[in-house]
$ cat work.csv   # CSV, N, CA and C atoms
chain,number,residue,atom,x,y,z
A,258,GLU,N,-20.2,-252.2,-131.0
A,258,GLU,CA,-20.2,-252.9,-132.3
A,258,GLU,C,-20.9,-252.1,-133.3
A,259,ASN,N,-20.5,-252.3,-134.6
A,259,ASN,CA,-21.2,-251.7,-135.7
A,259,ASN,C,-22.4,-252.4,-136.0
A,260,THR,N,-23.5,-251.7,-136.2
A,260,THR,CA,-24.7,-252.3,-136.7
A,260,THR,C,-24.8,-252.2,-138.2
A,261,VAL,N,-25.1,-253.3,-138.8
A,261,VAL,CA,-25.0,-253.3,-140.2
A,261,VAL,C,-26.5,-253.3,-140.8
A,262,SER,N,-27.4,-253.9,-140.1
A,262,SER,CA,-28.8,-253.9,-140.7
A,262,SER,C,-29.5,-252.7,-140.4
A,263,ALA,N,-30.5,-252.4,-141.2
A,263,ALA,CA,-31.3,-251.2,-141.0
A,263,ALA,C,-32.2,-251.3,-139.8
A,264,LEU,N,-32.7,-252.5,-139.5
A,264,LEU,CA,-33.5,-252.8,-138.4
A,264,LEU,C,-32.8,-252.6,-137.1
A,265,GLY,N,-31.5,-253.0,-137.0
A,265,GLY,CA,-30.7,-252.8,-135.9
A,265,GLY,C,-30.4,-251.3,-135.6
A,266,ARG,N,-30.2,-250.6,-136.7
A,266,ARG,CA,-30.0,-249.1,-136.5
A,266,ARG,C,-31.2,-248.4,-136.0
A,267,MET,N,-32.4,-248.9,-136.5
A,267,MET,CA,-33.7,-248.3,-136.1
A,267,MET,C,-33.9,-248.5,-134.6
A,268,VAL,N,-33.6,-249.8,-134.1
A,268,VAL,CA,-33.8,-250.1,-132.7
A,268,VAL,C,-32.8,-249.3,-131.9
A,269,LEU,N,-31.6,-249.1,-132.3
A,269,LEU,CA,-30.6,-248.3,-131.6
A,269,LEU,C,-31.1,-246.8,-131.5
A,270,VAL,N,-31.6,-246.2,-132.5
A,270,VAL,CA,-32.1,-244.9,-132.5
A,270,VAL,C,-33.3,-244.7,-131.5
A,271,ILE,N,-34.2,-245.7,-131.5
A,271,ILE,CA,-35.3,-245.7,-130.6
A,271,ILE,C,-34.8,-245.7,-129.2
A,272,TRP,N,-33.9,-246.6,-128.9
A,272,TRP,CA,-33.3,-246.7,-127.5
A,272,TRP,C,-32.6,-245.4,-127.1
A,273,LEU,N,-31.9,-244.8,-128.0
A,273,LEU,CA,-31.3,-243.5,-127.7
A,273,LEU,C,-32.3,-242.5,-127.3
A,274,PHE,N,-33.4,-242.4,-128.0
A,274,PHE,CA,-34.5,-241.4,-127.7
A,274,PHE,C,-35.2,-241.8,-126.4
A,275,VAL,N,-35.4,-243.1,-126.1
A,275,VAL,CA,-35.9,-243.5,-124.8
A,275,VAL,C,-35.0,-243.0,-123.6
A,276,VAL,N,-33.7,-243.3,-123.8
A,276,VAL,CA,-32.8,-242.9,-122.7
A,276,VAL,C,-32.8,-241.4,-122.6
A,277,LEU,N,-32.8,-240.6,-123.7
A,277,LEU,CA,-32.8,-239.2,-123.6
A,277,LEU,C,-34.1,-238.7,-122.9
A,278,ILE,N,-35.2,-239.3,-123.2
A,278,ILE,CA,-36.5,-238.8,-122.5
A,278,ILE,C,-36.4,-239.2,-121.0
A,279,ILE,N,-35.9,-240.3,-120.7
A,279,ILE,CA,-35.9,-240.7,-119.2
A,279,ILE,C,-34.9,-239.8,-118.5
A,280,ASN,N,-33.8,-239.5,-119.1
A,280,ASN,CA,-32.8,-238.6,-118.5
A,280,ASN,C,-33.4,-237.2,-118.3
A,281,SER,N,-34.1,-236.7,-119.3
A,281,SER,CA,-34.7,-235.4,-119.2
A,281,SER,C,-35.8,-235.3,-118.1
A,282,SER,N,-36.6,-236.4,-118.0
A,282,SER,CA,-37.6,-236.5,-117.0
A,282,SER,C,-37.0,-236.5,-115.6
A,283,TYR,N,-36.0,-237.3,-115.4
A,283,TYR,CA,-35.3,-237.4,-114.1
A,283,TYR,C,-34.8,-236.0,-113.7
A,284,THR,N,-34.1,-235.3,-114.6
A,284,THR,CA,-33.5,-234.0,-114.3
A,284,THR,C,-34.6,-233.0,-114.0
A,285,ALA,N,-35.7,-233.0,-114.7
A,285,ALA,CA,-36.8,-232.1,-114.4
A,285,ALA,C,-37.5,-232.4,-113.1
A,286,SER,N,-37.6,-233.6,-112.7
A,286,SER,CA,-38.2,-234.0,-111.4
A,286,SER,C,-37.3,-233.6,-110.3
A,287,LEU,N,-36.0,-233.9,-110.4
A,287,LEU,CA,-35.1,-233.5,-109.4
A,287,LEU,C,-35.0,-232.0,-109.2
A,288,THR,N,-35.0,-231.2,-110.3
A,288,THR,CA,-35.0,-229.8,-110.2
A,288,THR,C,-36.3,-229.3,-109.5
A,289,SER,N,-37.4,-229.8,-109.8
A,289,SER,CA,-38.7,-229.5,-109.2
A,289,SER,C,-38.7,-229.7,-107.7
A,290,ILE,N,-38.2,-230.9,-107.3
A,290,ILE,CA,-38.1,-231.2,-105.9
A,290,ILE,C,-37.2,-230.3,-105.1
A,291,LEU,N,-36.1,-230.0,-105.7
A,291,LEU,CA,-35.1,-229.1,-105.0
A,291,LEU,C,-35.7,-227.7,-104.9
A,292,THR,N,-36.4,-227.2,-105.9
A,292,THR,CA,-37.0,-225.9,-105.9
A,292,THR,C,-38.0,-225.8,-104.9
A,293,VAL,N,-38.9,-226.8,-104.8
A,293,VAL,CA,-40.0,-226.7,-103.8
A,293,VAL,C,-39.4,-226.7,-102.4
A,294,GLN,N,-38.3,-227.5,-102.1
A,294,GLN,CA,-37.7,-227.5,-100.8
A,294,GLN,C,-37.1,-226.1,-100.5
A,295,GLN,N,-36.6,-225.4,-101.5
A,295,GLN,CA,-36.0,-224.1,-101.3
A,295,GLN,C,-37.1,-223.1,-101.0
A,296,LEU,N,-38.3,-223.2,-101.5
A,296,LEU,CA,-39.3,-222.3,-101.3
A,296,LEU,C,-40.1,-222.5,-100.1
A,297,SER,N,-39.9,-223.6,-99.4
A,297,SER,CA,-40.7,-223.9,-98.2
A,297,SER,C,-40.3,-222.9,-97.1
A,298,SER,N,-41.3,-222.7,-96.2
A,298,SER,CA,-41.1,-221.7,-95.1
A,298,SER,C,-41.4,-222.4,-93.8
A,299,GLY,N,-41.0,-221.9,-92.7
A,299,GLY,CA,-41.3,-222.4,-91.4
A,299,GLY,C,-42.7,-222.0,-91.0
A,300,ILE,N,-43.3,-221.1,-91.8
A,300,ILE,CA,-44.7,-220.6,-91.5
A,300,ILE,C,-45.7,-221.3,-92.4
A,301,ASP,N,-46.6,-222.0,-91.8
A,301,ASP,CA,-47.6,-222.7,-92.6
A,301,ASP,C,-48.9,-221.9,-92.8
A,302,GLY,N,-49.1,-220.9,-91.9
A,302,GLY,CA,-50.3,-220.1,-92.0
A,302,GLY,C,-50.4,-219.2,-90.7
A,303,LEU,N,-51.5,-218.7,-90.5
A,303,LEU,CA,-51.7,-217.7,-89.4
A,303,LEU,C,-51.4,-218.4,-88.0
A,304,ASP,N,-51.9,-219.6,-87.8
A,304,ASP,CA,-51.7,-220.3,-86.5
A,304,ASP,C,-50.2,-220.5,-86.2
A,305,SER,N,-49.4,-220.9,-87.2
A,305,SER,CA,-48.0,-221.1,-86.9
A,305,SER,C,-47.3,-219.8,-86.7
A,306,LEU,N,-47.8,-218.7,-87.4
A,306,LEU,CA,-47.2,-217.4,-87.2
A,306,LEU,C,-47.5,-216.9,-85.8
A,307,ILE,N,-48.7,-217.1,-85.3
A,307,ILE,CA,-49.1,-216.6,-84.0
A,307,ILE,C,-48.2,-217.4,-82.9
A,308,SER,N,-48.1,-218.7,-83.1
A,308,SER,CA,-47.4,-219.5,-82.1
A,308,SER,C,-45.9,-219.3,-82.1
A,309,SER,N,-45.3,-218.7,-83.2
A,309,SER,CA,-43.9,-218.5,-83.3
A,309,SER,C,-43.6,-217.2,-82.5
A,310,ASN,N,-42.3,-216.9,-82.5
A,310,ASN,CA,-41.8,-215.6,-81.9
A,310,ASN,C,-41.3,-214.7,-82.9
A,311,TYR,N,-41.6,-214.9,-84.2
A,311,TYR,CA,-41.1,-214.1,-85.3
A,311,TYR,C,-41.8,-212.8,-85.3
A,312,ARG,N,-41.1,-211.8,-85.9
A,312,ARG,CA,-41.7,-210.5,-86.0
A,312,ARG,C,-42.6,-210.5,-87.2
A,313,ILE,N,-43.6,-209.6,-87.2
A,313,ILE,CA,-44.6,-209.6,-88.2
A,313,ILE,C,-44.7,-208.1,-88.7
A,314,GLY,N,-44.7,-207.9,-90.0
A,314,GLY,CA,-44.8,-206.6,-90.5
A,314,GLY,C,-46.2,-206.2,-90.9
A,315,TYR,N,-46.5,-205.0,-90.8
A,315,TYR,CA,-47.8,-204.4,-91.3
A,315,TYR,C,-47.6,-203.0,-91.8
A,316,GLN,N,-48.6,-202.6,-92.6
A,316,GLN,CA,-48.5,-201.3,-93.2
A,316,GLN,C,-48.8,-200.2,-92.2
A,317,VAL,N,-48.1,-199.1,-92.2
A,317,VAL,CA,-48.3,-198.0,-91.4
A,317,VAL,C,-49.7,-197.5,-91.6
A,318,GLY,N,-50.5,-197.3,-90.5
A,318,GLY,CA,-51.8,-196.8,-90.5
A,318,GLY,C,-52.9,-197.9,-90.8
A,319,SER,N,-52.5,-199.1,-91.0
A,319,SER,CA,-53.4,-200.2,-91.3
A,319,SER,C,-54.1,-200.6,-90.0
A,320,PHE,N,-55.4,-201.1,-90.2
A,320,PHE,CA,-56.1,-201.7,-89.1
A,320,PHE,C,-55.6,-203.0,-88.6
A,321,ALA,N,-54.7,-203.6,-89.4
A,321,ALA,CA,-54.1,-204.9,-89.1
A,321,ALA,C,-53.4,-204.9,-87.8
A,322,LYS,N,-52.8,-203.8,-87.4
A,322,LYS,CA,-52.0,-203.7,-86.1
A,322,LYS,C,-53.0,-204.0,-85.0
A,323,GLN,N,-54.1,-203.2,-84.9
A,323,GLN,CA,-55.0,-203.4,-83.8
A,323,GLN,C,-55.7,-204.7,-83.8
A,324,TYR,N,-55.9,-205.2,-85.0
A,324,TYR,CA,-56.5,-206.6,-85.2
A,324,TYR,C,-55.6,-207.6,-84.6
A,325,MET,N,-54.3,-207.6,-84.9
A,325,MET,CA,-53.4,-208.6,-84.4
A,325,MET,C,-53.2,-208.5,-82.9
A,326,ILE,N,-53.2,-207.2,-82.4
A,326,ILE,CA,-53.1,-207.1,-80.9
A,326,ILE,C,-54.3,-207.5,-80.2
A,327,GLU,N,-55.5,-207.0,-80.6
A,327,GLU,CA,-56.7,-207.2,-79.8
A,327,GLU,C,-57.4,-208.6,-80.1
A,328,GLU,N,-57.4,-209.0,-81.4
A,328,GLU,CA,-58.1,-210.2,-81.7
A,328,GLU,C,-57.2,-211.5,-81.7
A,329,LEU,N,-56.0,-211.3,-82.1
A,329,LEU,CA,-55.1,-212.5,-82.2
A,329,LEU,C,-54.2,-212.6,-81.0
A,330,ASN,N,-54.2,-211.6,-80.1
A,330,ASN,CA,-53.3,-211.5,-78.9
A,330,ASN,C,-51.8,-211.7,-79.2
A,331,ILE,N,-51.4,-211.0,-80.3
A,331,ILE,CA,-50.0,-210.9,-80.6
A,331,ILE,C,-49.4,-209.7,-79.9
A,332,ALA,N,-48.3,-209.9,-79.2
A,332,ALA,CA,-47.6,-208.8,-78.5
A,332,ALA,C,-47.2,-207.7,-79.5
A,333,SER,N,-47.4,-206.4,-79.1
A,333,SER,CA,-47.1,-205.3,-80.0
A,333,SER,C,-45.6,-205.2,-80.2
A,334,SER,N,-44.8,-205.8,-79.3
A,334,SER,CA,-43.3,-205.8,-79.5
A,334,SER,C,-42.9,-206.7,-80.7
A,335,ARG,N,-43.8,-207.6,-81.1
A,335,ARG,CA,-43.5,-208.5,-82.3
A,335,ARG,C,-43.9,-207.8,-83.6
A,336,LEU,N,-44.6,-206.7,-83.5
A,336,LEU,CA,-45.1,-206.1,-84.7
A,336,LEU,C,-44.1,-205.0,-85.2
A,337,LYS,N,-44.0,-204.9,-86.5
A,337,LYS,CA,-43.0,-203.9,-87.1
A,337,LYS,C,-43.8,-203.1,-88.2
A,338,GLU,N,-43.7,-201.8,-88.1
A,338,GLU,CA,-44.4,-200.9,-89.1
A,338,GLU,C,-43.5,-200.9,-90.3
A,339,LEU,N,-44.2,-201.0,-91.5
A,339,LEU,CA,-43.5,-200.9,-92.8
A,339,LEU,C,-44.2,-199.9,-93.6
A,340,GLY,N,-43.5,-199.1,-94.3
A,340,GLY,CA,-44.0,-198.0,-95.1
A,340,GLY,C,-44.7,-198.3,-96.4
A,341,GLY,N,-44.3,-199.4,-97.0
A,341,GLY,CA,-44.9,-199.8,-98.3
A,341,GLY,C,-44.2,-201.0,-98.9
A,342,PRO,N,-44.5,-201.2,-100.2
A,342,PRO,CA,-44.0,-202.4,-100.8
A,342,PRO,C,-42.5,-202.6,-100.8
A,343,GLN,N,-41.7,-201.5,-101.0
A,343,GLN,CA,-40.3,-201.7,-101.0
A,343,GLN,C,-39.8,-202.1,-99.6
A,344,GLU,N,-40.4,-201.5,-98.5
A,344,GLU,CA,-40.0,-201.9,-97.2
A,344,GLU,C,-40.5,-203.3,-96.9
A,345,TYR,N,-41.6,-203.7,-97.4
A,345,TYR,CA,-42.0,-205.1,-97.3
A,345,TYR,C,-40.9,-206.1,-97.8
A,346,ALA,N,-40.5,-205.8,-99.0
A,346,ALA,CA,-39.4,-206.6,-99.7
A,346,ALA,C,-38.1,-206.6,-98.9
A,347,ASP,N,-37.7,-205.5,-98.4
A,347,ASP,CA,-36.5,-205.4,-97.7
A,347,ASP,C,-36.6,-206.1,-96.4
A,348,ALA,N,-37.7,-206.0,-95.6
A,348,ALA,CA,-37.8,-206.6,-94.3
A,348,ALA,C,-37.9,-208.1,-94.5
A,349,LEU,N,-38.6,-208.6,-95.5
A,349,LEU,CA,-38.8,-210.0,-95.8
A,349,LEU,C,-37.4,-210.6,-96.2
A,350,LEU,N,-36.7,-209.9,-97.0
A,350,LEU,CA,-35.3,-210.4,-97.4
A,350,LEU,C,-34.4,-210.5,-96.2
A,351,LEU,N,-34.5,-209.6,-95.3
A,351,LEU,CA,-33.6,-209.6,-94.1
A,351,LEU,C,-34.0,-210.8,-93.2
A,352,GLY,N,-35.2,-211.1,-93.1
A,352,GLY,CA,-35.7,-212.2,-92.3
A,352,GLY,C,-35.7,-211.8,-90.8
A,353,PRO,N,-36.4,-212.6,-90.0
A,353,PRO,CA,-36.5,-212.2,-88.6
A,353,PRO,C,-35.2,-212.3,-87.8
A,354,ALA,N,-34.3,-213.0,-88.2
A,354,ALA,CA,-33.0,-213.2,-87.5
A,354,ALA,C,-32.1,-211.9,-87.7
A,355,ASN,N,-32.4,-211.2,-88.8
A,355,ASN,CA,-31.5,-210.0,-89.1
A,355,ASN,C,-32.2,-208.7,-89.0
A,356,GLY,N,-33.3,-208.6,-88.1
A,356,GLY,CA,-34.0,-207.4,-88.0
A,356,GLY,C,-35.1,-207.1,-88.9
A,357,GLY,N,-35.4,-208.1,-89.7
A,357,GLY,CA,-36.6,-208.0,-90.6
A,357,GLY,C,-37.8,-208.7,-90.1
A,358,VAL,N,-38.7,-209.1,-90.9
A,358,VAL,CA,-39.9,-209.8,-90.5
A,358,VAL,C,-40.0,-211.2,-91.2
A,359,ALA,N,-40.8,-212.1,-90.6
A,359,ALA,CA,-41.1,-213.4,-91.1
A,359,ALA,C,-42.2,-213.3,-92.1
A,360,ALA,N,-43.2,-212.4,-91.9
A,360,ALA,CA,-44.4,-212.3,-92.7
A,360,ALA,C,-44.9,-210.9,-92.6
A,361,VAL,N,-45.7,-210.5,-93.6
A,361,VAL,CA,-46.4,-209.2,-93.7
A,361,VAL,C,-47.9,-209.5,-93.7
A,362,VAL,N,-48.6,-208.8,-92.8
A,362,VAL,CA,-50.1,-208.9,-92.8
A,362,VAL,C,-50.6,-207.6,-93.3
A,363,ASP,N,-51.4,-207.7,-94.4
A,363,ASP,CA,-52.0,-206.4,-94.9
A,363,ASP,C,-53.2,-206.8,-95.7
A,364,GLU,N,-53.9,-205.8,-96.2
A,364,GLU,CA,-55.1,-206.1,-96.9
A,364,GLU,C,-54.8,-206.8,-98.2
A,365,LEU,N,-55.7,-207.7,-98.6
A,365,LEU,CA,-55.4,-208.6,-99.7
A,365,LEU,C,-55.1,-207.9,-101.1
A,366,PRO,N,-55.8,-206.9,-101.4
A,366,PRO,CA,-55.4,-206.2,-102.7
A,366,PRO,C,-54.0,-205.7,-102.7
A,367,TYR,N,-53.5,-205.2,-101.6
A,367,TYR,CA,-52.2,-204.6,-101.5
A,367,TYR,C,-51.2,-205.8,-101.6
A,368,ILE,N,-51.5,-206.9,-100.9
A,368,ILE,CA,-50.6,-208.0,-101.0
A,368,ILE,C,-50.5,-208.6,-102.4
A,369,GLU,N,-51.6,-208.7,-103.1
A,369,GLU,CA,-51.6,-209.2,-104.4
A,369,GLU,C,-50.8,-208.3,-105.4
A,370,LEU,N,-50.9,-207.0,-105.2
A,370,LEU,CA,-50.1,-206.1,-106.0
A,370,LEU,C,-48.6,-206.2,-105.7
A,371,PHE,N,-48.3,-206.4,-104.4
A,371,PHE,CA,-46.9,-206.6,-104.0
A,371,PHE,C,-46.4,-207.9,-104.6
A,372,LEU,N,-47.1,-209.0,-104.5
A,372,LEU,CA,-46.7,-210.2,-105.0
A,372,LEU,C,-46.5,-210.2,-106.6
A,373,ALA,N,-47.4,-209.4,-107.2
A,373,ALA,CA,-47.3,-209.3,-108.7
A,373,ALA,C,-45.9,-208.7,-109.1
A,374,LYS,N,-45.3,-207.9,-108.3
A,374,LYS,CA,-44.1,-207.3,-108.6
A,374,LYS,C,-42.9,-207.9,-107.9
A,375,ASN,N,-43.1,-208.8,-107.0
A,375,ASN,CA,-42.0,-209.5,-106.2
A,375,ASN,C,-42.3,-210.9,-106.2
A,376,CYS,N,-41.7,-211.6,-107.2
A,376,CYS,CA,-42.0,-213.1,-107.3
A,376,CYS,C,-41.2,-213.9,-106.3
A,377,LYS,N,-40.4,-213.3,-105.5
A,377,LYS,CA,-39.6,-214.1,-104.6
A,377,LYS,C,-40.4,-214.6,-103.4
A,378,PHE,N,-41.6,-213.9,-103.2
A,378,PHE,CA,-42.4,-214.2,-102.0
A,378,PHE,C,-43.7,-214.8,-102.4
A,379,LYS,N,-44.4,-215.4,-101.4
A,379,LYS,CA,-45.7,-216.1,-101.7
A,379,LYS,C,-46.6,-215.9,-100.5
A,380,THR,N,-47.9,-216.1,-100.8
A,380,THR,CA,-48.9,-216.2,-99.7
A,380,THR,C,-48.9,-217.6,-99.1
A,381,VAL,N,-48.9,-217.6,-97.8
A,381,VAL,CA,-49.0,-218.9,-97.1
A,381,VAL,C,-50.2,-219.0,-96.3
A,382,GLY,N,-50.9,-220.1,-96.3
A,382,GLY,CA,-52.1,-220.3,-95.6
A,382,GLY,C,-53.3,-219.7,-96.3
A,383,ARG,N,-54.4,-219.7,-95.6
A,383,ARG,CA,-55.6,-219.2,-96.2
A,383,ARG,C,-55.8,-217.7,-95.8
A,384,GLU,N,-56.5,-217.0,-96.6
A,384,GLU,CA,-56.8,-215.6,-96.2
A,384,GLU,C,-57.8,-215.6,-95.1
A,385,PHE,N,-57.8,-214.6,-94.3
A,385,PHE,CA,-58.8,-214.4,-93.2
A,385,PHE,C,-59.4,-213.0,-93.4
A,386,THR,N,-60.6,-212.9,-92.8
A,386,THR,CA,-61.4,-211.7,-93.1
A,386,THR,C,-61.8,-211.0,-91.8
A,387,LYS,N,-62.0,-209.7,-91.9
A,387,LYS,CA,-62.6,-208.9,-90.8
A,387,LYS,C,-63.5,-207.9,-91.5
A,388,SER,N,-64.8,-207.9,-91.2
A,388,SER,CA,-65.8,-207.0,-91.8
A,388,SER,C,-65.7,-207.1,-93.3
A,389,GLY,N,-65.5,-208.2,-93.9
A,389,GLY,CA,-65.5,-208.4,-95.3
A,389,GLY,C,-64.2,-208.1,-96.0
A,390,TRP,N,-63.2,-207.6,-95.3
A,390,TRP,CA,-61.9,-207.3,-95.9
A,390,TRP,C,-61.0,-208.6,-95.7
A,391,GLY,N,-60.5,-209.1,-96.8
A,391,GLY,CA,-59.6,-210.2,-96.7
A,391,GLY,C,-58.1,-209.7,-96.6
A,392,PHE,N,-57.4,-210.3,-95.7
A,392,PHE,CA,-56.0,-210.0,-95.5
A,392,PHE,C,-55.2,-211.1,-95.1
$ encode --input "work.csv" --output "structure tokens"
Amino acid sequence: ENTVSALGRMVLVIWLFVVLIINSSYTASLTSILTVQQLSSGIDGLDSLISSNYRIGYQVGSFAKQYMIEELNIASSRLKELGGPQEYADALLLGPANGGVAAVVDELPYIELFLAKNCKFKTVGREFTKSGWGF
């Protein structure tokens, strides 16, 4: 119907803005929920990584290999040497089912540098330390 009074038009405009805001809020919430579900991983932290059978990457020459074998009792057959940040990204993108890795364990400064350049990945769980080094 046509609105003839100024008050009626003002109420109509307010209702249109309310509907627009509700619609935008719903769309943003739905997008956020779907994005978080897409980012979730089967790995919640170090304990779930140890209990799984996924392959784990580490940097060539890092003490992380010996630490994982001796302290965490992870079989050496589950560990995969990676040469650097580009190999980290390639192995993580492949995933454990396609010859890659499910996670990379390395010293914290190297991981932070890697994550600064590769936004597709994230740190999961809390950091752990050995002799003051976080990784």
$ select_by_dssp --input "work.csv" --residues "chain A" --states "strand (DSSP E)" --output "number ranges by chain"
A: 313-316, 336-339, 360-362, 386-387, 390-391
$ atom_distance --input "work.csv" --atom1 "atom C of Val261 in chain A" --atom2 "CA of Leu277 in chain A"
23.1 Å
$ atom_distance --input "work.csv" --atom1 "atom N of Gln343 in chain A" --atom2 "atom N of Thr386 in chain A"
23.5 Å
$ closest_residue --input "work.csv" --among "A:Asn330, A:Asn375, A:Ser282, A:Thr288" --to "Asp304 in chain A" --atoms "only C-alpha atoms"
A:Asn330
$ axis_aligned_box --input "work.csv" --around "range 356-364 of chain A" --padding-each-side "8 Å" --output "lines of an AutoDock Vina configuration file"
center_x = -44.2
center_y = -209.6
center_z = -93.1
size_x = 37.8
size_y = 23.6
size_z = 26.2
$ atom_distance --input "work.csv" --atom1 "CA of Ala373 in chain A" --atom2 "atom C of Leu336 in chain A"
24.1 Å
$ closest_residue --input "work.csv" --among "A:Trp272, A:Ser333, A:Ile307, A:Gly314" --to "Ala360 in chain A" --atoms "only N, CA and C atoms"
A:Gly314
$ residues_around --input "work.csv" --residues "Val361 in chain A" --least-positions-apart "6" --cutoff "8 Å" --atoms "only N, CA and C atoms" --output "ChimeraX atom specification"
/A:312-316,345,349,368,392
$ closest_residue --input "work.csv" --among "A:Ser262, A:Ser334, A:Thr380, A:Ser319" --to "Glu364 in chain A" --atoms "only N, CA and C atoms"
A:Ser319
$ closest_residue --input "work.csv" --among "A:Lys379, A:Asn310, A:Ile290, A:Gln323" --to "Ala346 in chain A" --atoms "only C-alpha atoms"
A:Lys379
$ residues_around --input "work.csv" --residues "Gly382 in chain A" --least-positions-apart "3" --cutoff "6.5 Å" --atoms "only N, CA and C atoms" --output "PyMOL selection string"
chain A and resi 301-303
